[in-house]
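Engineer: input-v7.csv is the file, holding CSV, C-alpha atoms:
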chain,number,residue,atom,x,y,z
A,184,MET,CA,24.0,-3.8,111.6
A,185,SER,CA,24.5,-3.8,107.8
A,186,ALA,CA,22.1,-0.8,107.4
A,187,ILE,CA,24.3,1.1,109.9
A,188,ILE,CA,27.5,0.3,108.1
A,189,ILE,CA,26.1,1.2,104.7
A,190,LEU,CA,24.4,4.4,105.8
A,191,THR,CA,27.6,5.6,107.6
A,192,ALA,CA,29.6,4.9,104.5
A,193,VAL,CA,27.0,6.8,102.4
A,194,GLY,CA,27.3,9.8,104.7
A,195,ILE,CA,31.1,9.8,104.6
A,196,ALA,CA,31.2,9.5,100.8
A,197,GLN,CA,28.6,12.2,100.4
A,198,ILE,CA,30.5,14.6,102.7
A,199,MET,CA,33.7,13.9,100.7
A,200,LEU,CA,32.0,14.4,97.3
A,201,VAL,CA,30.4,17.7,98.5
A,202,LEU,CA,33.8,18.9,99.7
A,203,ALA,CA,35.2,17.9,96.3
A,204,MET,CA,32.5,19.9,94.5
A,205,ALA,CA,33.1,22.9,96.8
A,206,ILE,CA,36.9,22.8,96.0
A,207,VAL,CA,36.2,22.5,92.3
A,208,ALA,CA,33.8,25.5,92.5
A,209,ILE,CA,36.6,27.5,94.1
A,210,ARG,CA,38.8,26.7,91.1
A,211,ILE,CA,36.0,27.7,88.7
A,212,PHE,CA,35.6,31.0,90.5
A,213,TYR,CA,39.3,31.9,90.7
A,214,GLY,CA,40.5,30.0,87.6
A,215,PRO,CA,43.1,32.1,85.8
A,216,ARG,CA,41.9,31.3,82.3
A,217,ALA,CA,38.9,29.9,80.5
A,218,GLN,CA,40.2,26.3,80.1
A,219,ASP,CA,40.6,26.0,83.9
A,220,ARG,CA,37.0,26.9,84.3
A,221,ILE,CA,35.9,24.4,81.7
A,222,ILE,CA,37.8,21.6,83.2
A,223,GLY,CA,36.4,22.5,86.6
A,224,LEU,CA,32.9,22.4,85.2
A,225,ASP,CA,33.6,18.9,83.9
A,226,ALA,CA,34.9,17.8,87.3
A,227,LEU,CA,31.8,19.3,88.9
A,228,TYR,CA,29.6,17.3,86.6
A,229,ILE,CA,31.4,14.1,87.4
A,230,ASN,CA,31.2,14.7,91.1
A,231,ALA,CA,27.5,15.6,91.0
A,232,MET,CA,26.9,12.3,89.1
A,233,LEU,CA,28.8,10.3,91.8
A,234,LEU,CA,26.8,12.2,94.5
A,235,LEU,CA,23.5,11.1,92.8
A,236,ALA,CA,24.7,7.5,92.7
A,237,THR,CA,25.4,7.7,96.4
A,238,PHE,CA,21.9,9.1,97.0
A,239,GLY,CA,20.6,6.1,95.1
A,240,ILE,CA,22.5,3.7,97.4
A,241,GLY,CA,21.4,5.6,100.5
A,242,THR,CA,17.7,5.7,99.7
A,243,GLY,CA,17.5,2.3,98.0
A,244,ARG,CA,15.7,3.7,95.0
A,245,THR,CA,16.8,3.0,91.4
A,246,VAL,CA,15.5,6.2,89.9
A,247,TYR,CA,18.7,8.0,90.8
A,248,PHE,CA,20.6,5.9,88.3
A,249,GLU,CA,18.8,7.5,85.3
A,250,ALA,CA,19.5,10.9,86.6
A,251,ALA,CA,23.2,10.1,87.0
A,252,LEU,CA,23.3,8.7,83.5
A,253,VAL,CA,21.7,11.9,82.0
A,254,ILE,CA,24.1,14.1,84.0
A,255,GLY,CA,27.0,12.1,82.6
A,256,LEU,CA,25.8,12.5,79.1
A,257,ILE,CA,25.1,16.2,79.4
A,258,GLY,CA,28.5,16.8,81.0
A,259,PHE,CA,30.3,15.1,78.1
A,260,VAL,CA,28.5,17.1,75.5
A,261,THR,CA,29.0,20.4,77.4
A,262,THR,CA,32.7,19.9,77.8
A,263,VAL,CA,33.2,18.9,74.2
A,264,SER,CA,31.3,21.9,72.8
A,265,LEU,CA,33.1,24.3,75.1
A,266,ALA,CA,36.5,22.9,74.1
A,267,LYS,CA,35.4,23.3,70.4
A,268,PHE,CA,34.5,26.9,71.2
A,269,LEU,CA,37.8,27.6,72.7
A,270,MET,CA,39.6,26.0,69.8
A,271,ARG,CA,37.7,27.5,66.8
A,272,GLY,CA,35.7,30.5,68.2
A,273,GLU,CA,32.4,28.9,67.3
A,274,VAL,CA,30.7,25.6,68.0
A,275,ILE,CA,28.9,24.7,64.7
A,276,GLU,CA,30.7,25.9,61.6
B,29,MET,CA,10.8,0.0,93.9
B,30,ILE,CA,12.7,0.6,97.2
B,31,TYR,CA,15.4,-1.8,98.4
B,32,HIS,CA,16.3,-2.0,102.1
B,33,ALA,CA,19.9,-2.1,103.3
B,34,ALA,CA,19.0,-4.3,106.2
B,35,ASP,CA,18.5,-7.3,103.7
B,36,ILE,CA,22.2,-7.3,103.0
B,37,PRO,CA,24.7,-9.6,104.8
B,38,VAL,CA,27.3,-7.9,107.0
B,39,TRP,CA,30.3,-8.9,104.9
B,40,GLY,CA,28.5,-7.5,101.8
B,41,ALA,CA,27.8,-4.3,103.7
B,42,ILE,CA,31.5,-3.9,104.6
B,43,LEU,CA,32.5,-4.6,100.9
B,44,ILE,CA,30.0,-2.0,99.7
B,45,ALA,CA,31.1,0.6,102.3
B,46,SER,CA,34.8,0.1,101.5
B,47,PHE,CA,34.2,0.6,97.8
B,48,MET,CA,32.1,3.7,98.4
B,49,ILE,CA,34.6,5.3,100.7
B,50,LEU,CA,37.4,4.5,98.2
B,51,GLY,CA,35.5,6.3,95.5
B,52,GLY,CA,34.6,9.3,97.6
B,53,ALA,CA,38.2,9.6,98.9
B,54,LEU,CA,39.7,9.5,95.4
B,55,ALA,CA,37.2,12.1,94.2
B,56,LEU,CA,38.3,14.4,97.1
B,57,ILE,CA,42.0,13.8,96.4
B,58,GLY,CA,41.5,14.6,92.8
B,59,ALA,CA,39.7,17.9,93.7
B,60,ILE,CA,42.4,18.9,96.1
B,61,GLY,CA,45.1,18.3,93.5
B,62,PHE,CA,43.1,20.2,91.0
B,63,LEU,CA,43.1,23.2,93.4
B,64,LYS,CA,46.8,22.9,94.4
B,65,LEU,CA,48.7,22.4,91.2
B,66,SER,CA,50.2,25.4,89.5
B,67,THR,CA,49.9,25.2,85.7
B,68,PHE,CA,47.0,24.2,83.5
B,69,TYR,CA,48.9,21.2,82.0
B,70,ASP,CA,49.4,19.9,85.6
B,71,ARG,CA,45.9,20.6,86.6
B,72,ILE,CA,44.4,18.5,83.7
B,73,HIS,CA,45.6,15.3,85.4
B,74,PRO,CA,44.0,15.2,88.9
B,75,PRO,CA,40.3,15.2,87.8
B,76,THR,CA,40.9,11.9,86.1
B,77,LEU,CA,41.2,10.3,89.6
B,78,SER,CA,37.5,10.9,90.1
B,79,THR,CA,36.6,9.7,86.6
B,80,SER,CA,38.6,6.4,86.8
B,81,TRP,CA,38.5,4.8,90.3
B,82,GLY,CA,36.2,7.4,91.9
B,83,THR,CA,33.5,6.5,89.4
B,84,GLY,CA,34.6,2.8,89.4
B,85,GLY,CA,34.4,2.5,93.2
B,86,ILE,CA,31.0,4.1,93.6
B,87,MET,CA,29.5,2.3,90.6
B,88,MET,CA,30.9,-1.0,92.0
B,89,ALA,CA,29.3,-0.2,95.4
B,90,SER,CA,26.0,0.5,93.6
B,91,ILE,CA,26.2,-2.7,91.6
B,92,LEU,CA,26.9,-4.7,94.8
B,93,PHE,CA,24.2,-3.0,96.8
B,94,PHE,CA,21.4,-3.6,94.3
B,95,THR,CA,22.6,-7.1,93.5
B,96,PHE,CA,22.6,-8.1,97.2
B,97,ALA,CA,19.4,-6.2,98.0
B,98,SER,CA,17.3,-7.6,95.1
B,99,GLY,CA,18.8,-11.1,95.0
B,100,ARG,CA,19.4,-11.0,91.3
B,101,PRO,CA,22.4,-9.5,89.3
B,102,VAL,CA,21.9,-5.8,88.6
B,103,LEU,CA,24.5,-4.6,86.2
B,104,HIS,CA,23.2,-1.4,84.6
B,105,GLU,CA,25.6,0.9,86.5
B,106,ILE,CA,28.3,-0.6,84.2
B,107,LEU,CA,26.8,1.7,81.6
B,108,ILE,CA,27.9,4.8,83.5
B,109,GLY,CA,31.3,3.3,84.2
B,110,ILE,CA,32.0,2.5,80.5
B,111,PHE,CA,30.6,5.8,79.3
B,112,VAL,CA,32.7,7.9,81.7
B,113,THR,CA,35.8,5.8,81.0
B,114,VAL,CA,35.4,6.2,77.2
B,115,THR,CA,34.5,9.9,77.1
B,116,THR,CA,37.0,11.4,79.6
B,117,PRO,CA,40.1,11.0,77.5
B,118,VAL,CA,38.3,12.5,74.5
B,119,THR,CA,37.2,15.6,76.4
B,120,PHE,CA,40.6,16.2,78.1
B,121,MET,CA,42.5,15.6,74.9
B,122,LEU,CA,40.2,18.2,73.2
B,123,LEU,CA,40.7,20.6,76.1
B,124,ALA,CA,44.5,20.2,76.1
B,125,ARG,CA,44.6,20.8,72.3
B,126,ALA,CA,42.5,23.9,72.7
B,127,ALA,CA,44.6,25.2,75.6
B,128,LEU,CA,47.8,24.6,73.6
B,129,HIS,CA,46.4,26.4,70.6
B,130,ARG,CA,45.5,29.4,72.8
B,131,ASP,CA,48.9,29.5,74.5
B,132,ARG,CA,50.6,29.4,71.1
B,133,ALA,CA,48.4,32.1,69.8
B,134,ASP,CA,49.3,34.2,72.8
B,135,GLY,CA,53.0,33.7,72.2
B,136,ASN,CA,53.6,32.0,75.5
B,137,PRO,CA,57.2,30.7,75.5
B,138,ASP,CA,56.6,27.9,78.1
B,139,VAL,CA,54.7,25.6,75.7
B,140,PRO,CA,56.3,23.5,73.0
B,141,GLN,CA,56.2,25.0,69.5
B,142,PRO,CA,54.8,22.9,66.5
B,143,ARG,CA,57.4,20.8,64.6
B,144,ILE,CA,58.5,22.0,61.2
B,145,GLY,CA,56.2,20.5,58.6
B,146,SER,CA,53.5,19.3,61.0
B,147,ASP,CA,49.9,20.1,60.2
B,148,LEU,CA,49.7,22.2,63.4
B,149,GLN,CA,51.7,24.9,61.8
B,150,GLY,CA,50.3,28.0,60.3
B,151,PRO,CA,46.8,29.4,60.8
B,152,ASN,CA,45.0,26.5,62.5
Step by step, read the file and then write its structure as structure tokens.
Structural biologist:
Amino acid sequence: MSAIIILTAVGIAQIMLVLAMAIVAIRIFYGPRAQDRIIGLDALYINAMLLLATFGIGTGRTVYFEAALVIGLIGFVTTVSLAKFLMRGEVIE
Amino acid sequence: MIYHAADIPVWGAILIASFMILGGALALIGAIGFLKLSTFYDRIHPPTLSTSWGTGGIMMASILFFTFASGRPVLHEILIGIFVTVTTPVTFMLLARAALHRDRADGNPDVPQPRIGSDLQGPN
């Protein structure tokens, strides 16, 4: 019973997160300027991290936690360096 | 190490499911708002839904799941929650500053101009 409840909720949450990633990808594709695409990439990273966390709950394995943590770290560094590039024209000066 | 969902009591499963659906729904609402709003300065707000309670709900569900399934407190998902909560304002602040700088450099009249005497004036 509890397995059915949890697996149904995992399926619904995964469908919603994949829809969110698809919508964000539409904005990345059509985004009018570069800053829209960068913020879309950041939202895509966050949603992928949440999707990996739901995979971890659905399979009962703890290895997905490390993958989610690494994706969160890389997403932060990516967005900060891209924002720096937009601001100054180069990343390391 | 694999934990099974069948080891969890039903009230715990309902709690986990509601937290997870809350997180997923907030992420989806944030993405829809990110697509629908019209200007960049409006669009910078909706993704924070998925970084505040979207992340919070799903990480809370993960904490509860592994705590119930293993029978001991498992709290390492708090790391992701704290990290995302701390870093999201930093990245969005940097992006907003960069976008404002680009709009001012383009001569866009819709953005506020720098105050007289502020350090944002001049070649930045």
Engineer: With chain A as the partner and 7 Å as the cut-off, tabulate the residues of chain B that qualify, each row holding the nearest pair of atoms and their distance in Å to one decimal, using only C-alpha atoms, sorted by chain and rising number, as CSV.
Structural biologist:
residue,atom,partner,partner_atom,distance
B:Met29,CA,A:Arg244,CA,6.2
B:Ile30,CA,A:Arg244,CA,4.8
B:Tyr31,CA,A:Gly243,CA,4.6
B:His32,CA,A:Gly243,CA,6.1
B:Ala33,CA,A:Ala186,CA,4.8
B:Ala34,CA,A:Ala186,CA,4.8
B:Ile36,CA,A:Ser185,CA,6.4
B:Pro37,CA,A:Ser185,CA,6.5
B:Val38,CA,A:Ser185,CA,5.0
B:Ala41,CA,A:Ser185,CA,5.3
B:Ile42,CA,A:Ile188,CA,6.8
B:Ala45,CA,A:Ala192,CA,5.1
B:Met48,CA,A:Ala196,CA,6.3
B:Ile49,CA,A:Ala196,CA,5.4
B:Gly52,CA,A:Ala196,CA,4.7
B:Ala53,CA,A:Met199,CA,6.5
B:Ala55,CA,A:Leu200,CA,6.5
B:Leu56,CA,A:Ala203,CA,4.7
B:Ala59,CA,A:Ala203,CA,5.2
B:Ile60,CA,A:Ile206,CA,6.7
B:Leu63,CA,A:Arg210,CA,6.0
B:Phe68,CA,A:Asp219,CA,6.7
B:Pro75,CA,A:Ala226,CA,6.0
B:Thr79,CA,A:Ile229,CA,6.9
B:Thr83,CA,A:Leu233,CA,6.5
B:Ile86,CA,A:Leu233,CA,6.8
B:Ser90,CA,A:Ile240,CA,6.1
B:Phe93,CA,A:Ile240,CA,6.9
B:Ile108,CA,A:Leu252,CA,6.0
B:Thr115,CA,A:Phe259,CA,6.8
B:Thr119,CA,A:Val263,CA,5.6
B:Leu122,CA,A:Ala266,CA,6.0
B:Leu123,CA,A:Ala266,CA,5.2
B:Ala126,CA,A:Met270,CA,4.6
B:Ala127,CA,A:Gln218,CA,6.4
B:His129,CA,A:Met270,CA,6.9
Engineer: Using all atoms listed in the file, which residue out of B:Ile106, B:Ile91, B:Val112, B:Ile44 lies closest to Thr76 (chain B)?
Structural biologist: B:Val112
Engineer: Would you compute the distance between CA of Thr113 (chain B) and CA of Phe94 (chain B)? Give it in Å to one decimal.
Structural biologist: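 Those two atoms sit 21.7 Å apart.
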Engineer: CA of Trp81 (chain B) and CA of Ser66 (chain B), how far apart in Å?
Structural biologist: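 Between these atoms lies a distance of 23.7 Å.
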Engineer: For Leu128 (chain B), list every protein, DNA or RNA residue within 12 Å, evaluated using only C-alpha atoms, and leave out those in the same chain fewer than 6 positions away; present the list as a VMD selection string.
Structural biologist: (chain A and resid 218 266 269 to 270) or (chain B and resid 68 to 69 120 to 122 134 to 142 148 152)
Engineer: May I ask for the distance between CA of Pro117 (chain B) and CA of Leu77 (chain B), given in Å to one decimal place?
Structural biologist: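 Straight-line distance from CA of Pro117 (chain B) to CA of Leu77 (chain B) works out to 12.2 Å.
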Engineer: Between B:Gly84, B:Ile110, B:Ser46, B:Thr116, which is the closest to Tyr228 (chain A) once you count all atoms listed in the file?
Structural biologist: B:Thr116
